[in-house]
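Asker: Structure file structure.txt, compact mmCIF, C-alpha atoms, is pasted below:
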# COMPACT_ATOMS: atom_id res chain seq x y z
CA MET A 1 -3.51 -64.03 -121.28
CA ALA A 2 -2.51 -66.18 -118.30
CA SER A 3 -2.64 -69.91 -118.72
CA GLU A 4 -4.81 -71.92 -116.39
CA PRO A 5 -3.10 -74.26 -113.94
CA ALA A 6 -2.78 -77.88 -114.97
CA THR A 7 -5.37 -80.22 -113.52
CA PRO A 8 -5.37 -84.00 -113.64
CA THR A 9 -7.67 -85.51 -116.22
CA VAL A 10 -9.78 -88.62 -115.99
CA ALA A 11 -9.16 -91.21 -118.70
CA ALA A 12 -10.64 -94.70 -118.72
CA ALA A 13 -11.80 -94.34 -115.08
CA ARG A 14 -8.34 -93.26 -113.95
CA GLU A 15 -6.94 -90.04 -112.63
CA GLN A 16 -3.91 -88.85 -114.60
CA MET A 17 -1.24 -86.78 -112.83
CA SER A 18 1.50 -85.06 -114.83
CA TRP A 19 4.92 -83.88 -113.67
CA ALA A 20 3.58 -80.31 -113.78
CA ASP A 21 0.67 -81.39 -111.57
CA LEU A 22 3.17 -82.76 -109.05
CA GLY A 23 4.80 -79.35 -108.76
CA SER A 24 1.58 -77.38 -108.37
CA SER A 25 -0.11 -79.93 -106.10
CA THR A 26 2.78 -80.11 -103.63
CA ARG A 27 2.92 -76.30 -103.47
CA GLU A 28 -0.82 -76.24 -102.69
CA LEU A 29 -0.34 -78.99 -100.09
CA ALA A 30 2.48 -76.97 -98.49
CA GLY A 31 0.13 -73.98 -98.40
CA LEU A 32 -2.49 -76.02 -96.52
CA ILE A 33 0.13 -77.08 -93.98
CA ARG A 34 1.40 -73.50 -93.57
CA ASP A 35 -2.12 -72.07 -93.30
CA ASP A 36 -2.86 -74.60 -90.54
CA GLY A 37 0.15 -73.31 -88.60
CA TYR A 38 1.85 -76.70 -88.52
CA GLU A 39 5.64 -76.43 -88.64
CA PRO A 40 7.19 -79.89 -88.96
CA ASP A 41 10.71 -80.45 -87.67
CA LEU A 42 11.17 -83.35 -90.07
CA ILE A 43 9.47 -84.97 -93.02
CA LEU A 44 9.24 -88.73 -93.49
CA GLY A 45 8.73 -89.75 -97.11
CA ILE A 46 7.21 -93.16 -97.76
CA ALA A 47 9.06 -94.90 -100.58
CA ARG A 48 8.56 -94.87 -103.37
CA GLY A 49 5.93 -92.34 -104.49
CA GLY A 50 6.07 -90.45 -101.22
CA MET A 51 9.75 -89.67 -101.73
CA LEU A 52 8.87 -87.18 -104.47
CA VAL A 53 6.12 -85.61 -102.38
CA ALA A 54 8.40 -85.41 -99.32
CA GLY A 55 11.21 -83.81 -101.32
CA ALA A 56 8.94 -81.17 -102.81
CA LEU A 57 7.34 -80.43 -99.41
CA SER A 58 10.78 -80.26 -97.84
CA TYR A 59 11.72 -77.42 -100.17
CA ALA A 60 8.34 -75.68 -100.04
CA LEU A 61 8.22 -75.74 -96.22
CA ASP A 62 11.98 -75.16 -95.81
CA VAL A 63 12.41 -78.32 -93.73
CA LYS A 64 15.89 -79.74 -94.26
CA ASN A 65 15.56 -82.73 -91.92
CA SER A 66 14.05 -85.58 -93.93
CA PHE A 67 13.93 -89.35 -93.74
CA THR A 68 12.71 -92.11 -96.01
CA MET A 69 10.97 -95.30 -95.01
CA ASN A 70 10.46 -98.19 -97.40
CA VAL A 71 7.11 -99.92 -97.22
CA GLU A 72 6.04 -102.63 -99.66
CA PHE A 73 2.33 -103.13 -100.13
CA TYR A 74 1.29 -102.79 -103.79
CA THR A 75 2.50 -105.41 -106.24
CA GLY A 76 0.45 -104.17 -109.23
CA ILE A 77 -2.71 -102.27 -110.11
CA ASP A 78 -5.14 -103.09 -107.30
CA GLU A 79 -2.86 -105.99 -106.28
CA ARG A 80 -1.38 -105.93 -102.80
CA LEU A 81 0.28 -108.03 -100.17
CA PRO A 82 -1.98 -109.13 -97.29
CA VAL A 83 -0.39 -106.44 -95.07
CA PRO A 84 2.20 -103.70 -95.68
CA MET A 85 5.79 -104.65 -94.85
CA LEU A 86 8.58 -102.37 -93.60
CA LEU A 87 11.72 -102.91 -95.67
CA PRO A 88 15.24 -102.21 -94.42
CA PRO A 89 16.85 -99.93 -93.62
CA VAL A 90 14.33 -98.75 -91.03
CA PRO A 91 14.85 -95.15 -89.82
CA ASP A 92 16.26 -94.74 -86.31
CA LEU A 93 14.06 -92.17 -84.58
CA VAL A 94 16.46 -91.49 -81.69
CA ASP A 95 16.15 -88.23 -79.72
CA LEU A 96 13.02 -87.08 -81.54
CA HIS A 97 10.55 -87.28 -78.64
CA ASP A 98 9.66 -83.58 -78.95
CA ALA A 99 9.81 -83.39 -82.76
CA ARG A 100 6.87 -82.61 -85.02
CA MET A 101 6.88 -85.09 -87.93
CA LEU A 102 5.07 -84.87 -91.23
CA ILE A 103 4.59 -88.20 -93.03
CA ALA A 104 4.32 -87.61 -96.78
CA ASP A 105 3.00 -90.07 -99.35
CA ASP A 106 1.48 -89.94 -102.80
CA VAL A 107 -1.81 -91.64 -101.96
CA ALA A 108 -3.81 -92.92 -99.01
CA ASP A 109 -5.63 -95.73 -100.77
CA THR A 110 -6.56 -98.32 -98.15
CA GLY A 111 -4.63 -96.32 -95.55
CA GLN A 112 -2.90 -99.43 -94.26
CA THR A 113 0.58 -98.16 -95.18
CA LEU A 114 0.02 -94.87 -93.36
CA ALA A 115 -1.45 -96.70 -90.37
CA LEU A 116 1.73 -98.80 -90.19
CA ASP A 117 3.89 -95.69 -90.50
CA LYS A 118 1.98 -93.83 -87.80
CA SER A 119 2.17 -96.77 -85.41
CA PHE A 120 5.91 -97.07 -86.07
CA CYS A 121 6.37 -93.42 -85.08
CA ALA A 122 3.96 -93.47 -82.11
CA GLY A 123 5.77 -92.71 -78.89
CA GLN A 124 9.03 -91.96 -80.72
CA VAL A 125 8.19 -88.43 -81.88
CA GLY A 126 6.19 -85.64 -80.27
CA GLU A 127 3.52 -85.26 -82.95
CA VAL A 128 2.76 -86.97 -86.25
CA ARG A 129 0.60 -85.61 -89.05
CA THR A 130 0.10 -86.91 -92.58
CA ALA A 131 0.09 -85.21 -95.97
CA VAL A 132 -0.87 -86.90 -99.24
CA LEU A 133 -1.62 -85.85 -102.76
CA TYR A 134 -4.66 -88.12 -102.96
CA GLU A 135 -6.91 -89.70 -100.36
CA LYS A 136 -9.49 -92.32 -101.20
CA PRO A 137 -12.80 -92.65 -99.34
CA ARG A 138 -11.94 -96.18 -98.15
CA SER A 139 -8.71 -95.10 -96.42
CA ILE A 140 -8.64 -96.13 -92.75
CA VAL A 141 -6.41 -93.11 -92.05
CA ARG A 142 -7.86 -89.62 -92.43
CA CYS A 143 -4.92 -87.45 -93.41
CA GLU A 144 -4.61 -83.97 -91.98
CA TYR A 145 -3.50 -82.54 -95.33
CA VAL A 146 -4.93 -83.73 -98.66
CA TRP A 147 -4.58 -82.11 -102.06
CA ARG A 148 -7.40 -84.06 -103.75
CA ARG A 149 -9.87 -86.80 -102.87
CA THR A 150 -10.80 -89.45 -105.43
CA ASP A 151 -12.01 -93.02 -105.66
CA LEU A 152 -10.26 -93.56 -109.01
CA TRP A 153 -6.97 -95.35 -109.66
CA ILE A 154 -4.23 -92.75 -110.13
CA ASP A 155 -1.62 -92.91 -112.87
CA PHE A 156 1.37 -91.01 -111.50
CA PRO A 157 4.03 -89.84 -113.96
CA TRP A 158 6.77 -91.71 -112.09
CA SER A 159 5.01 -95.08 -112.25
CA ALA A 160 2.85 -94.89 -115.39
CA GLU A 161 5.46 -96.46 -117.67
CA ALA A 162 7.14 -99.85 -117.40
CA PRO A 163 10.65 -99.90 -115.89
CA VAL A 164 13.45 -99.46 -118.40
CA THR A 165 15.23 -102.55 -117.09
CA GLY A 166 13.39 -104.82 -119.54
CA LEU A 167 14.03 -102.62 -122.59
CA ALA A 168 16.65 -103.49 -125.21
CA SER A 169 19.77 -101.36 -124.84
CA VAL A 170 20.24 -98.44 -127.20
CA GLY A 171 22.43 -99.17 -130.22
CA SER A 172 22.30 -102.96 -129.94
Using structure tokens, write down the structure that the file contains.
Answerer:
Amino acid sequence: MASEPATPTVAAAREQMSWADLGSSTRELAGLIRDDGYEPDLILGIARGGMLVAGALSYALDVKNSFTMNVEFYTGIDERLPVPMLLPPVPDLVDLHDARMLIADDVADTGQTLALDKSFCAGQVGEVRTAVLYEKPRSIVRCEYVWRRTDLWIDFPWSAEAPVTGLASVGS
């Protein structure tokens, strides 16, 4: 008997994504991109959660040219800076005027981060499209490729636990 694919569960008004969900969701997202006929020349992953999505899409779509851009916006659960901020180093998009770029991120919540990213790339690349695991109804950017839409807070496996930097060292 075949097992059913993993699906995120809702707990305490939150969407829960597992590591297995990341694998299956990015493959489905890659399928949407392929079925649309879009063939990106490069993938731009938005740090930090978008790095994982970009890496998985890079393999699934066989796109070896990838970049990362660091954008700080969220400081905690539903806590953000007034506007998203590009952090160094900023990618140098030289000689990419004809390139098709796919911007990958984990979530389009308010959409402000993706709006900043798209405006940064405008005029520097031939075409820009966006792919996210989750898109929220309030997002000001409507992504071309979305795995799931939700209005819930999402607990991603890479950010659900506190950083290990504050933990006591093993064996002390």
Asker: What does the distance from atom CA of Arg14 of chain A to atom CA of Ile43 of chain A come to in Å, to one decimal?
Answerer: 28.7 Å
Asker: What does the structure give for the distance between atom CA of Leu32 of chain A and atom CA of Glu144 of chain A, in Å to one decimal?
Answerer: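 For atom CA of Leu32 of chain A relative to atom CA of Glu144 of chain A, the distance reads 9.4 Å.
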Asker: Just give me the residues with any atom within 8 Å of (-9.5, -90.9, -108.0), file coordinates, counting only C-alpha atoms, written as an NGL selection string.
Answerer: :A and (14-15 or 134 or 136 or 149-154)
Asker: Hey, which of A:Ser66, A:Thr130, A:Ser25, A:Ser18 ends up closest to Trp158 of chain A? Count only C-alpha atoms.
Answerer: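 Between A:Ser66, A:Thr130, A:Ser25, A:Ser18, the residue approaching Trp158 of chain A most closely is A:Ser18.
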Asker: Would you mind reading off the distance between atom CA of Phe156 of chain A and atom CA of Gln16 of chain A, one decimal, in Å?
Answerer: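 These two atoms are separated by 6.5 Å.
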Asker: Which residues are close to segment 113-129 of chain A, i.e. within 7 Å by only C-alpha atoms, leaving aside same-chain residues fewer than 4 positions away? Reply as a PyMOL selection string.
Answerer: chain A and resi 84+93+96-103+141+144
